[in-house]
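Data block for query12.txt (compact mmCIF, C-alpha atoms and all ligand atoms):
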```txt
# COMPACT_ATOMS: atom_id res chain seq x y z
CA MET Q 51 0.00 0.00 0.00
CA LYS Q 52 1.65 3.21 -1.18
CA ARG Q 53 -1.02 5.83 -1.68
CA ILE Q 54 -4.55 6.32 -0.38
CA GLY Q 55 -7.13 9.07 -0.75
CA MET Q 56 -9.39 10.66 1.84
CA LEU Q 57 -12.49 12.82 1.54
CA THR Q 58 -15.10 14.42 3.79
CA GLY Q 59 -18.70 14.64 2.52
CA GLY Q 60 -22.01 16.06 3.70
CA GLY Q 61 -22.45 18.70 6.41
CA ASP Q 62 -19.30 19.80 8.20
CA CYS Q 63 -18.99 18.47 11.71
CA PRO Q 64 -16.71 19.03 14.71
CA GLY Q 65 -14.22 16.16 14.79
CA LEU Q 66 -13.51 15.87 11.06
CA ASN Q 67 -10.07 17.46 11.36
CA PRO Q 68 -9.02 15.12 14.20
CA VAL Q 69 -9.91 12.17 11.90
CA ILE Q 70 -7.92 13.67 9.01
CA ARG Q 71 -4.93 14.24 11.29
CA ALA Q 72 -5.11 10.72 12.72
CA VAL Q 73 -5.32 9.09 9.27
CA VAL Q 74 -2.31 11.05 8.01
CA LYS Q 75 -0.19 10.35 11.09
CA ARG Q 76 -1.05 6.63 11.23
CA ALA Q 77 -0.44 6.26 7.48
CA TYR Q 78 2.86 8.13 7.75
CA HIS Q 79 4.18 5.49 10.16
CA GLU Q 80 3.49 2.87 7.46
CA GLY Q 81 5.10 4.95 4.70
CA ILE Q 82 1.73 5.54 3.01
CA GLU Q 83 1.10 8.79 1.17
CA VAL Q 84 -2.32 10.38 1.74
CA ILE Q 85 -3.98 12.48 -0.96
CA GLY Q 86 -6.74 14.80 0.23
CA ILE Q 87 -9.75 14.98 -2.06
CA LYS Q 88 -11.33 18.41 -1.90
CA ASN Q 89 -15.04 18.96 -1.29
CA GLY Q 90 -16.32 15.41 -0.98
CA TRP Q 91 -17.34 13.43 -4.07
CA LYS Q 92 -17.24 16.66 -6.10
CA GLY Q 93 -13.45 16.58 -5.76
CA LEU Q 94 -13.28 13.09 -7.20
CA ILE Q 95 -15.52 14.05 -10.10
CA GLU Q 96 -13.44 17.15 -10.86
CA ASN Q 97 -10.08 15.72 -9.78
CA GLU Q 98 -9.40 18.39 -7.19
CA THR Q 99 -6.90 17.27 -4.60
CA MET Q 100 -4.38 18.51 -2.07
CA PRO Q 101 -1.35 16.83 -0.54
CA LEU Q 102 -1.86 15.69 3.04
CA ASP Q 103 1.53 15.46 4.71
CA LEU Q 104 2.42 15.95 8.36
CA ARG Q 105 2.74 19.68 7.83
CA ALA Q 106 -0.76 19.96 6.35
CA VAL Q 107 -2.33 18.41 9.45
CA SER Q 108 -0.27 20.23 12.01
CA GLY Q 109 -2.42 22.28 14.40
CA ILE Q 110 -5.78 21.08 13.06
CA LEU Q 111 -6.85 18.95 16.06
CA PRO Q 112 -8.89 21.71 17.76
CA ARG Q 113 -10.26 23.18 14.54
CA GLY Q 114 -13.92 22.77 13.58
CA GLY Q 115 -15.06 22.12 10.00
CA THR Q 116 -12.83 20.23 7.58
CA ILE Q 117 -9.59 21.38 5.98
CA LEU Q 118 -10.60 19.31 2.93
CA GLY Q 119 -13.82 21.20 2.34
CA THR Q 120 -17.09 19.36 1.76
CA SER Q 121 -20.14 19.21 -0.49
CA ARG Q 122 -23.45 17.42 -0.75
CA THR Q 123 -22.59 16.20 -4.27
CA ASN Q 124 -24.02 12.79 -5.16
CA PRO Q 125 -22.08 11.15 -8.01
CA TYR Q 126 -24.92 8.67 -8.51
CA LYS Q 127 -27.14 11.47 -9.81
CA LYS Q 128 -25.39 11.10 -13.18
CA PRO Q 129 -23.85 7.81 -14.43
CA GLU Q 130 -21.00 9.75 -16.09
CA ASP Q 131 -20.01 11.19 -12.68
CA VAL Q 132 -19.58 7.71 -11.20
CA GLU Q 133 -17.32 6.85 -14.11
CA LYS Q 134 -15.34 10.06 -13.49
CA VAL Q 135 -14.94 9.12 -9.81
CA LYS Q 136 -13.61 5.68 -10.73
CA ALA Q 137 -11.34 7.06 -13.46
CA ASN Q 138 -9.86 9.69 -11.14
CA ILE Q 139 -9.21 7.14 -8.40
CA LYS Q 140 -7.18 5.22 -10.99
CA LYS Q 141 -5.47 8.33 -12.37
CA LEU Q 142 -4.42 9.41 -8.88
CA GLY Q 143 -3.07 5.93 -8.16
CA LEU Q 144 -5.22 5.53 -5.05
CA GLU Q 145 -5.14 1.98 -3.77
CA ALA Q 146 -7.82 2.74 -1.20
CA LEU Q 147 -10.16 5.53 -0.25
CA ILE Q 148 -11.20 6.63 3.24
CA ALA Q 149 -14.61 8.32 3.03
CA ILE Q 150 -15.70 10.28 6.09
CA GLY Q 151 -19.38 11.15 6.13
CA GLY Q 152 -22.93 10.45 7.15
CA GLU Q 153 -25.57 8.22 5.58
CA ASP Q 154 -25.28 9.92 2.15
CA THR Q 155 -21.49 9.81 1.80
CA LEU Q 156 -21.39 6.30 3.23
CA GLY Q 157 -24.28 5.25 0.99
CA VAL Q 158 -22.19 6.28 -2.03
CA SER Q 159 -19.21 4.43 -0.50
CA ALA Q 160 -21.25 1.22 -0.18
CA LYS Q 161 -22.26 1.43 -3.85
CA LEU Q 162 -18.72 2.15 -5.02
CA TYR Q 163 -17.41 -0.77 -2.97
CA LYS Q 164 -19.84 -3.05 -4.79
CA GLU Q 165 -18.39 -1.70 -8.04
CA GLY Q 166 -14.87 -2.67 -7.00
CA VAL Q 167 -13.56 0.46 -5.26
CA ASN Q 168 -11.51 -0.18 -2.09
CA VAL Q 169 -13.39 2.01 0.37
CA VAL Q 170 -13.27 2.27 4.15
CA GLY Q 171 -15.93 4.40 5.82
CA VAL Q 172 -15.75 6.69 8.85
CA PRO Q 173 -19.12 7.71 10.31
CA LYS Q 174 -19.69 11.40 10.97
CA THR Q 175 -22.77 13.39 11.91
CA ILE Q 176 -23.94 15.71 14.64
CA ASP Q 177 -27.32 13.96 14.32
CA ASN Q 178 -26.01 10.64 15.77
CA ASP Q 179 -28.49 8.84 13.51
CA LEU Q 180 -26.17 6.27 11.93
CA SER Q 181 -26.80 2.64 12.79
CA CYS Q 182 -24.12 0.21 13.98
CA THR Q 183 -22.23 2.81 16.00
CA ASP Q 184 -23.14 3.91 19.51
CA PHE Q 185 -22.04 7.47 18.79
CA THR Q 186 -20.72 9.54 15.92
CA PHE Q 187 -18.24 12.34 16.56
CA GLY Q 188 -19.77 15.79 16.29
CA PHE Q 189 -22.79 14.78 18.34
CA ASP Q 190 -21.18 15.45 21.71
CA THR Q 191 -20.04 18.92 20.62
CA ALA Q 192 -23.49 19.75 19.23
CA VAL Q 193 -25.16 18.57 22.44
CA ASN Q 194 -22.82 20.70 24.55
CA ILE Q 195 -23.55 23.78 22.44
CA ALA Q 196 -27.30 23.18 22.57
CA THR Q 197 -27.18 22.52 26.33
CA GLU Q 198 -25.39 25.78 26.92
CA ALA Q 199 -28.02 27.54 24.81
CA VAL Q 200 -30.82 25.98 26.89
CA ASP Q 201 -29.05 27.11 30.08
CA ARG Q 202 -28.79 30.64 28.74
CA LEU Q 203 -32.40 30.70 27.55
CA HIS Q 204 -33.52 29.88 31.09
CA THR Q 205 -32.30 33.29 32.26
CA THR Q 206 -34.61 35.26 29.96
CA ALA Q 207 -37.51 32.83 30.22
CA GLU Q 208 -37.41 33.06 34.00
CA SER Q 209 -36.91 36.83 34.25
CA HIS Q 210 -39.63 37.66 31.71
CA HIS Q 211 -42.03 34.81 32.64
CA ARG Q 212 -41.98 33.63 29.04
CA ILE Q 213 -42.26 30.38 27.18
CA ILE Q 214 -39.16 29.80 25.06
CA VAL Q 215 -39.08 27.25 22.28
CA CYS Q 216 -35.58 26.18 21.28
CA GLU Q 217 -35.34 24.44 17.89
CA VAL Q 218 -32.38 22.12 17.45
CA MET Q 219 -31.05 20.14 14.48
CA GLY Q 220 -30.94 16.37 14.09
CA ARG Q 221 -32.84 15.76 10.87
CA HIS Q 222 -35.28 12.84 11.36
CA ALA Q 223 -33.85 11.75 14.71
CA GLY Q 224 -34.30 13.46 18.05
CA TRP Q 225 -30.93 12.63 19.63
CA ILE Q 226 -29.70 16.22 19.96
CA ALA Q 227 -33.07 17.32 21.34
CA VAL Q 228 -33.23 14.56 23.95
CA TYR Q 229 -29.65 14.88 25.15
CA ALA Q 230 -29.58 18.70 25.21
CA GLY Q 231 -33.09 18.83 26.64
CA MET Q 232 -32.23 16.41 29.44
CA ALA Q 233 -28.89 18.06 30.17
CA GLY Q 234 -30.43 21.54 30.13
CA GLY Q 235 -33.48 20.60 32.20
CA ALA Q 236 -36.02 21.44 29.48
CA ASP Q 237 -39.65 21.24 30.57
CA ILE Q 238 -40.82 19.57 27.36
CA ILE Q 239 -38.78 17.78 24.68
CA LEU Q 240 -40.34 17.10 21.28
CA VAL Q 241 -38.77 14.65 18.85
CA PRO Q 242 -39.50 13.26 15.36
CA GLU Q 243 -39.98 9.76 16.79
CA ILE Q 244 -43.15 10.78 18.67
CA PRO Q 245 -45.73 13.02 16.95
CA ILE Q 246 -46.40 16.25 18.85
CA ASP Q 247 -49.61 16.33 20.86
CA VAL Q 248 -50.21 20.09 21.21
CA GLU Q 249 -52.94 19.63 23.79
CA GLU Q 250 -50.41 17.85 26.00
CA VAL Q 251 -47.93 20.70 25.49
CA TYR Q 252 -50.56 23.26 26.60
CA SER Q 253 -51.51 21.20 29.61
CA LEU Q 254 -47.88 20.79 30.73
CA ILE Q 255 -47.39 24.57 30.52
CA LYS Q 256 -50.63 25.07 32.46
CA LYS Q 257 -49.55 22.55 35.09
CA ARG Q 258 -46.28 24.43 35.57
CA ARG Q 259 -48.17 27.73 35.98
CA GLU Q 260 -50.37 26.14 38.63
CA GLN Q 261 -47.20 25.09 40.45
CA GLY Q 262 -46.08 28.71 40.40
CA LYS Q 263 -43.56 28.25 37.60
CA THR Q 264 -44.14 31.17 35.29
CA PHE Q 265 -41.79 30.11 32.50
CA SER Q 266 -41.24 27.01 30.40
CA ILE Q 267 -38.47 25.87 28.10
CA ILE Q 268 -39.40 23.60 25.22
CA VAL Q 269 -36.74 21.89 23.11
CA VAL Q 270 -38.05 20.80 19.73
CA ALA Q 271 -36.14 18.82 17.11
CA GLU Q 272 -36.32 20.28 13.60
CA GLY Q 273 -37.77 17.00 12.31
CA ALA Q 274 -40.62 16.81 14.83
CA LYS Q 275 -44.14 17.00 13.44
CA PHE Q 276 -47.67 17.40 14.76
CA LYS Q 277 -49.94 14.40 15.16
CA LYS Q 278 -51.95 15.34 12.10
CA GLY Q 279 -49.29 17.47 10.48
CA GLN Q 280 -46.43 17.28 8.09
CA LEU Q 281 -42.74 18.06 8.37
CA VAL Q 282 -42.09 21.80 8.51
CA THR Q 283 -39.53 22.71 5.86
CA GLN Q 284 -37.76 25.88 4.79
CA GLU Q 285 -38.17 25.29 1.06
CA GLU Q 286 -39.59 22.65 -1.26
CA LYS Q 287 -36.32 21.97 -3.05
CA LEU Q 288 -34.57 18.67 -2.37
CA ASP Q 289 -30.80 18.27 -2.21
CA SER Q 290 -28.96 15.81 -4.46
CA PHE Q 291 -29.62 13.00 -2.00
CA GLY Q 292 -33.34 13.78 -1.91
CA HIS Q 293 -33.40 15.50 1.50
CA VAL Q 294 -35.67 18.42 2.34
CA ARG Q 295 -34.27 21.40 4.24
CA LEU Q 296 -35.90 21.16 7.65
CA GLY Q 297 -36.64 24.08 9.93
CA GLY Q 298 -39.56 26.15 11.12
CA ILE Q 299 -41.37 23.81 13.52
CA GLY Q 300 -40.20 25.98 16.45
CA GLN Q 301 -41.87 29.07 14.99
CA THR Q 302 -45.11 27.24 14.18
CA LEU Q 303 -45.24 25.73 17.65
CA SER Q 304 -44.52 28.99 19.45
CA GLU Q 305 -47.31 30.77 17.53
CA LEU Q 306 -49.76 28.02 18.51
CA ILE Q 307 -48.72 28.16 22.17
CA GLU Q 308 -49.02 31.94 22.36
CA GLU Q 309 -52.43 31.87 20.66
CA LYS Q 310 -53.79 29.12 22.89
CA THR Q 311 -52.30 30.11 26.26
CA GLY Q 312 -52.05 33.90 25.84
CA LEU Q 313 -48.53 33.68 27.27
CA GLU Q 314 -45.65 35.46 25.61
CA THR Q 315 -43.79 32.81 23.63
CA ARG Q 316 -40.50 33.23 21.78
CA VAL Q 317 -38.45 30.96 19.59
CA THR Q 318 -34.70 30.50 19.21
CA VAL Q 319 -33.37 28.44 16.31
CA LEU Q 320 -29.82 27.26 16.98
CA GLY Q 321 -29.08 26.26 13.38
CA HIS Q 322 -25.48 25.87 12.26
CA ILE Q 323 -24.09 27.18 15.55
CA GLN Q 324 -24.53 23.56 16.68
CA ARG Q 325 -22.07 22.40 14.03
CA GLY Q 326 -19.57 25.19 14.38
CA GLY Q 327 -16.36 25.68 16.26
CA THR Q 328 -13.96 23.53 18.14
CA PRO Q 329 -14.77 19.85 18.80
CA SER Q 330 -15.27 18.69 22.40
CA ALA Q 331 -12.57 16.52 23.99
CA PHE Q 332 -14.82 13.47 23.50
CA ASP Q 333 -15.18 14.16 19.77
CA ARG Q 334 -11.44 14.77 19.36
CA VAL Q 335 -10.66 11.45 20.98
CA LEU Q 336 -13.37 9.55 19.09
CA GLY Q 337 -12.30 11.11 15.77
CA THR Q 338 -8.68 10.20 16.49
CA ARG Q 339 -9.57 6.60 17.33
CA PHE Q 340 -11.74 6.32 14.20
CA GLY Q 341 -8.96 7.72 11.99
CA VAL Q 342 -6.34 5.30 13.33
CA LYS Q 343 -8.71 2.33 12.96
CA ALA Q 344 -9.61 3.36 9.39
CA VAL Q 345 -5.94 3.11 8.35
CA GLU Q 346 -5.68 -0.24 10.10
CA LEU Q 347 -8.65 -1.55 8.10
CA VAL Q 348 -6.96 -0.32 4.93
CA LEU Q 349 -3.76 -2.16 5.90
CA GLN Q 350 -5.77 -5.32 6.57
CA LYS Q 351 -7.58 -4.80 3.24
CA LYS Q 352 -10.92 -4.88 5.04
CA PHE Q 353 -12.74 -2.82 2.44
CA GLY Q 354 -16.45 -2.09 2.42
CA GLN Q 355 -16.20 -1.72 6.20
CA MET Q 356 -16.91 1.23 8.44
CA VAL Q 357 -15.25 1.98 11.77
CA SER Q 358 -17.69 2.17 14.65
CA LEU Q 359 -17.91 2.69 18.39
CA GLN Q 360 -19.42 -0.25 20.23
CA GLY Q 361 -19.36 0.17 23.98
CA ASN Q 362 -15.88 1.56 24.40
CA LYS Q 363 -14.31 -0.45 21.59
CA ILE Q 364 -13.65 0.62 18.03
CA GLU Q 365 -14.89 -2.11 15.71
CA ALA Q 366 -15.49 -2.67 12.00
CA VAL Q 367 -18.96 -3.16 10.52
CA PRO Q 368 -20.12 -3.48 6.89
CA ILE Q 369 -20.90 0.02 5.54
CA GLU Q 370 -24.03 -1.36 3.92
CA LYS Q 371 -25.41 -2.44 7.26
CA ALA Q 372 -24.77 0.97 8.82
CA VAL Q 373 -26.62 2.90 6.14
CA GLY Q 374 -29.51 0.45 5.88
CA GLU Q 375 -31.60 1.94 8.65
CA LEU Q 376 -31.73 5.22 10.54
CA LYS Q 377 -30.85 5.02 14.24
CA THR Q 378 -33.68 6.81 15.98
CA VAL Q 379 -34.04 7.79 19.62
CA ASP Q 380 -34.20 4.94 22.05
CA LEU Q 381 -37.66 5.09 23.64
CA ASP Q 382 -36.32 3.99 27.05
CA LEU Q 383 -34.18 7.12 27.04
CA TYR Q 384 -37.13 9.30 25.99
CA ASN Q 385 -39.22 7.84 28.80
CA ILE Q 386 -36.55 8.87 31.30
CA ALA Q 387 -36.57 12.38 29.82
CA LYS Q 388 -40.38 12.46 30.17
CA ILE Q 389 -40.19 12.00 33.95
CA PHE Q 390 -38.91 15.59 34.11
CA PHE Q 391 -41.56 17.16 31.82
CA GLY Q 392 -43.86 19.79 33.26
O1 LIG V 1 -26.93 16.29 9.12
C1 LIG V 1 -26.44 17.38 9.81
C2 LIG V 1 -27.36 18.56 9.68
O2 LIG V 1 -26.82 19.63 10.42
C3 LIG V 1 -28.81 18.28 10.09
O3 LIG V 1 -29.00 18.29 11.48
C4 LIG V 1 -29.52 19.38 9.35
O4 LIG V 1 -30.87 19.06 9.08
C5 LIG V 1 -28.75 19.47 8.07
O5 LIG V 1 -27.46 18.95 8.33
C6 LIG V 1 -28.61 20.87 7.54
O6 LIG V 1 -27.93 20.81 6.34
P1 LIG V 1 -27.30 22.09 5.62
O7 LIG V 1 -26.16 22.57 6.42
O8 LIG V 1 -26.87 21.58 4.29
O9 LIG V 1 -28.40 23.11 5.54
```

Could you write out this file's structure as structure tokens?
Amino acid sequence: MKRIGMLTGGGDCPGLNPVIRAVVKRAYHEGIEVIGIKNGWKGLIENETMPLDLRAVSGILPRGGTILGTSRTNPYKKPEDVEKVKANIKKLGLEALIAIGGEDTLGVSAKLYKEGVNVVGVPKTIDNDLSCTDFTFGFDTAVNIATEAVDRLHTTAESHHRIIVCEVMGRHAGWIAVYAGMAGGADIILVPEIPIDVEEVYSLIKKRREQGKTFSIIVVAEGAKFKKGQLVTQEEKLDSFGHVRLGGIGQTLSELIEEKTGLETRVTVLGHIQRGGTPSAFDRVLGTRFGVKAVELVLQKKFGQMVSLQGNKIEAVPIEKAVGELKTVDLDLYNIAKIFFG
């Protein structure tokens, strides 16, 4: 093994740079050259690369985002793009490819592997919705940011006797909402896994008022929807993987609450702040362990596999298995969160 490639695809995520650094350092010890592919699959379609030597990765451990850049480009949208990807892998002399991404990037990796490309996957997403791994890096950082936001929102909610709805990311899984809501002591947590019962929301707020608590904090996941409603989206357009752009449920919910209860209700949408900035210590360590293991899988020629966290061990699982099904919130965990509602 002389030369391998590495790319980051999908949304940026705290912990990507620690993985990049770990791959380069581990590969260096084996005398393997690492070529950085710029901007996800787009870089392999357009043959845009950068050298990744020890110098290139120096000082990147605490940096958010990805030094490789990223995109939501799906090569399987056009058959000619898949051919370009394969041709460029050959042209660059890449004997293996480490693809770091979420379900979309890894979904492409699984298909390419079936077509003979030597891919190893590294799971990444703040949403923590990938199967076959207990956690993805990025999630812990996002949860810490959202928890701090919930703590800060308490101050205004309490002083002004308001209801504050805090909308968090997570796509179709409520992991960020449940963790940040539990850690921040939210009074109600609403997730995509359980349709919102607005009557229950009103009655929990009312119950709190009766107990003399004049404020309430509600954490709602962007993918949550009403019992008889649909997903609230920002636009109708789909991205190249067929995803809608979520967002807006917080606003809709806060208007309903204000109308029904007559209480001043405000909304805060955390948005990309949850993905920005320096990774937490946990995500730096997890990213580092994933990066080292990815190179080891390459050395063992265990292609078509993804690194994963199982308990406290880093294991390998088939990429195909990991992208087969979304990992949604564990209902036992949600039931614990519910004990603290109201
Ligand atoms: O998958 C990560 C994520 O941040 C989701 O939580 C969110 O729905 C989506 O990406 C937003 O994507 P973009 O940054 O492309 O708008």

>> (-35.0, 3.1, 20.7) in this file's frame - what residues fall within 12 Å of it? Use only C-alpha atoms and give the answer as a PyMOL selection string.
In response: chain Q and resi 179+181+184+223-225+243-244+376-385

Axis-aligned box over every listed atom of ligand LIG 1 (chain V), padded by 4 Å per side: centre and edges in Å to one decimal, as AutoDock Vina command-line options?
```
--center_x -28.5 --center_y 19.7 --center_z 7.9 --size_x 12.7 --size_y 14.8 --size_z 15.2
```

> Residues around (-11.7, 18.3, -5.1), cut-off 12 Å, counting all atoms listed in the file - what are they as a ChimeraX atom specification?
Replying inline: /Q:55-59,85-101,117-121,123,135,138-139

> If you count only C-alpha atoms and all ligand atoms, which residues end up within 8 Å of ligand LIG 1 (chain V), as a PyMOL selection string?
Replying inline: chain Q and resi 60-63+122+152+175-177+218-222+272-273+295-297+321-322+324-325

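Restricting the calculation to only C-alpha atoms, the smallest distance between Q:Val357 and any of Q:Lys263, Q:Lys75, Q:Lys174, Q:His204 is found for Q:Lys174.
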
>> Report, in Å with one decimal, the straight-line distance from atom CA of Q:Thr186 to atom CA of Q:Pro112.
In response: 17.1 Å

> Which of these residues is nearest to Q:Gly114, using only C-alpha atoms: Q:Ile70, Q:Ala77, Q:Ile226, Q:Ile364?
Replying inline: Q:Ile70

> Which polymer residues have any atom within 8 Å of an atom of stretch 299-313 of chain Q, counting all atoms listed in the file, with same-chain residues fewer than 3 positions away left out, as a VMD selection string?
Replying inline: chain Q and resid 212 to 217 252 270 272 to 275 281 to 283 316 to 319

>> Which residue is closest to Q:His293? Choose from Q:Ser358, Q:Phe265, Q:Asp237, Q:Asp154 and count all atoms listed in the file.
In response: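 The closest residue to Q:His293 is Q:Asp154.
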
> Of the residues Q:Gly109, Q:Phe390, Q:Ile255, Q:Val69, which is the one nearest to Q:Met232, using all atoms listed in the file?
Replying inline: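 Between Q:Gly109, Q:Phe390, Q:Ile255, Q:Val69, the residue approaching Q:Met232 most closely is Q:Phe390.
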
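Taking atom CA of Q:His211 and atom CA of Q:Gly262 as endpoints, the distance between them is 10.7 Å.
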
> Pick the closest to Q:Ala72 from Q:Phe185, Q:Phe340, Q:Phe276, Q:Phe391: which is it, counting all atoms listed in the file?
Replying inline: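 When distances to Q:Ala72 are compared using all atoms listed in the file, the smallest one comes from Q:Phe340.
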
>> Can you measure atom CA of Q:Ile54 to atom CA of Q:Gly341 for me? One decimal in Å is fine.
In response: 13.2 Å

> Between Q:Ile195, Q:Ala106, Q:Val169, Q:Ile82, which one has atoms that come closest to Q:Thr328, using all atoms listed in the file?
Replying inline: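 Smallest distance to Q:Thr328 is found for Q:Ile195.
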
>> Need to verify the contact set: Q:Pro68, 7 Å, only C-alpha atoms, exclusion of same-chain residues closer than 2 positions in sequence. Can you return it as a list in words?
In response: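 Surrounding residues, per the criterion: Gly65, Leu66, Ile70, Arg71, Ala72, Ile110, Leu111, Arg334, Gly337 and Thr338 of chain Q.
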
> Quick one: residues within 12 Å of Q:Ala137, only C-alpha atoms counted, chain neighbours fewer than 3 positions away excluded, as a list in words?
Replying inline: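 Counting only the stated atoms, we get Leu94, Ile95, Glu96, Asn97, Glu130, Asp131, Val132, Glu133, Lys134, Lys140, Lys141, Leu142, Gly143, Leu144 and Val167 of chain Q.
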
Could you name the residues that touch Q:Lys351 at 9 Å or less, counting only C-alpha atoms, but leaving out those on the same chain fewer than 5 positions away, as a CSV table (one decimal) with C-alpha atoms, in the frame of the given file?
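Everything below was put into result-v2.csv:
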```csv
chain,number,residue,atom,x,y,z
Q,146,ALA,CA,-7.8,2.7,-1.2
Q,168,ASN,CA,-11.5,-0.2,-2.1
Q,346,GLU,CA,-5.7,-0.2,10.1
```

>> Residues near Q:Ser159, anyone? I mean within 8 Å using only C-alpha atoms, not counting same-chain ones fewer than 6 positions away, as JSON, numbers by chain.
In response: {"Q": [149, 169, 170, 171, 354, 369]}
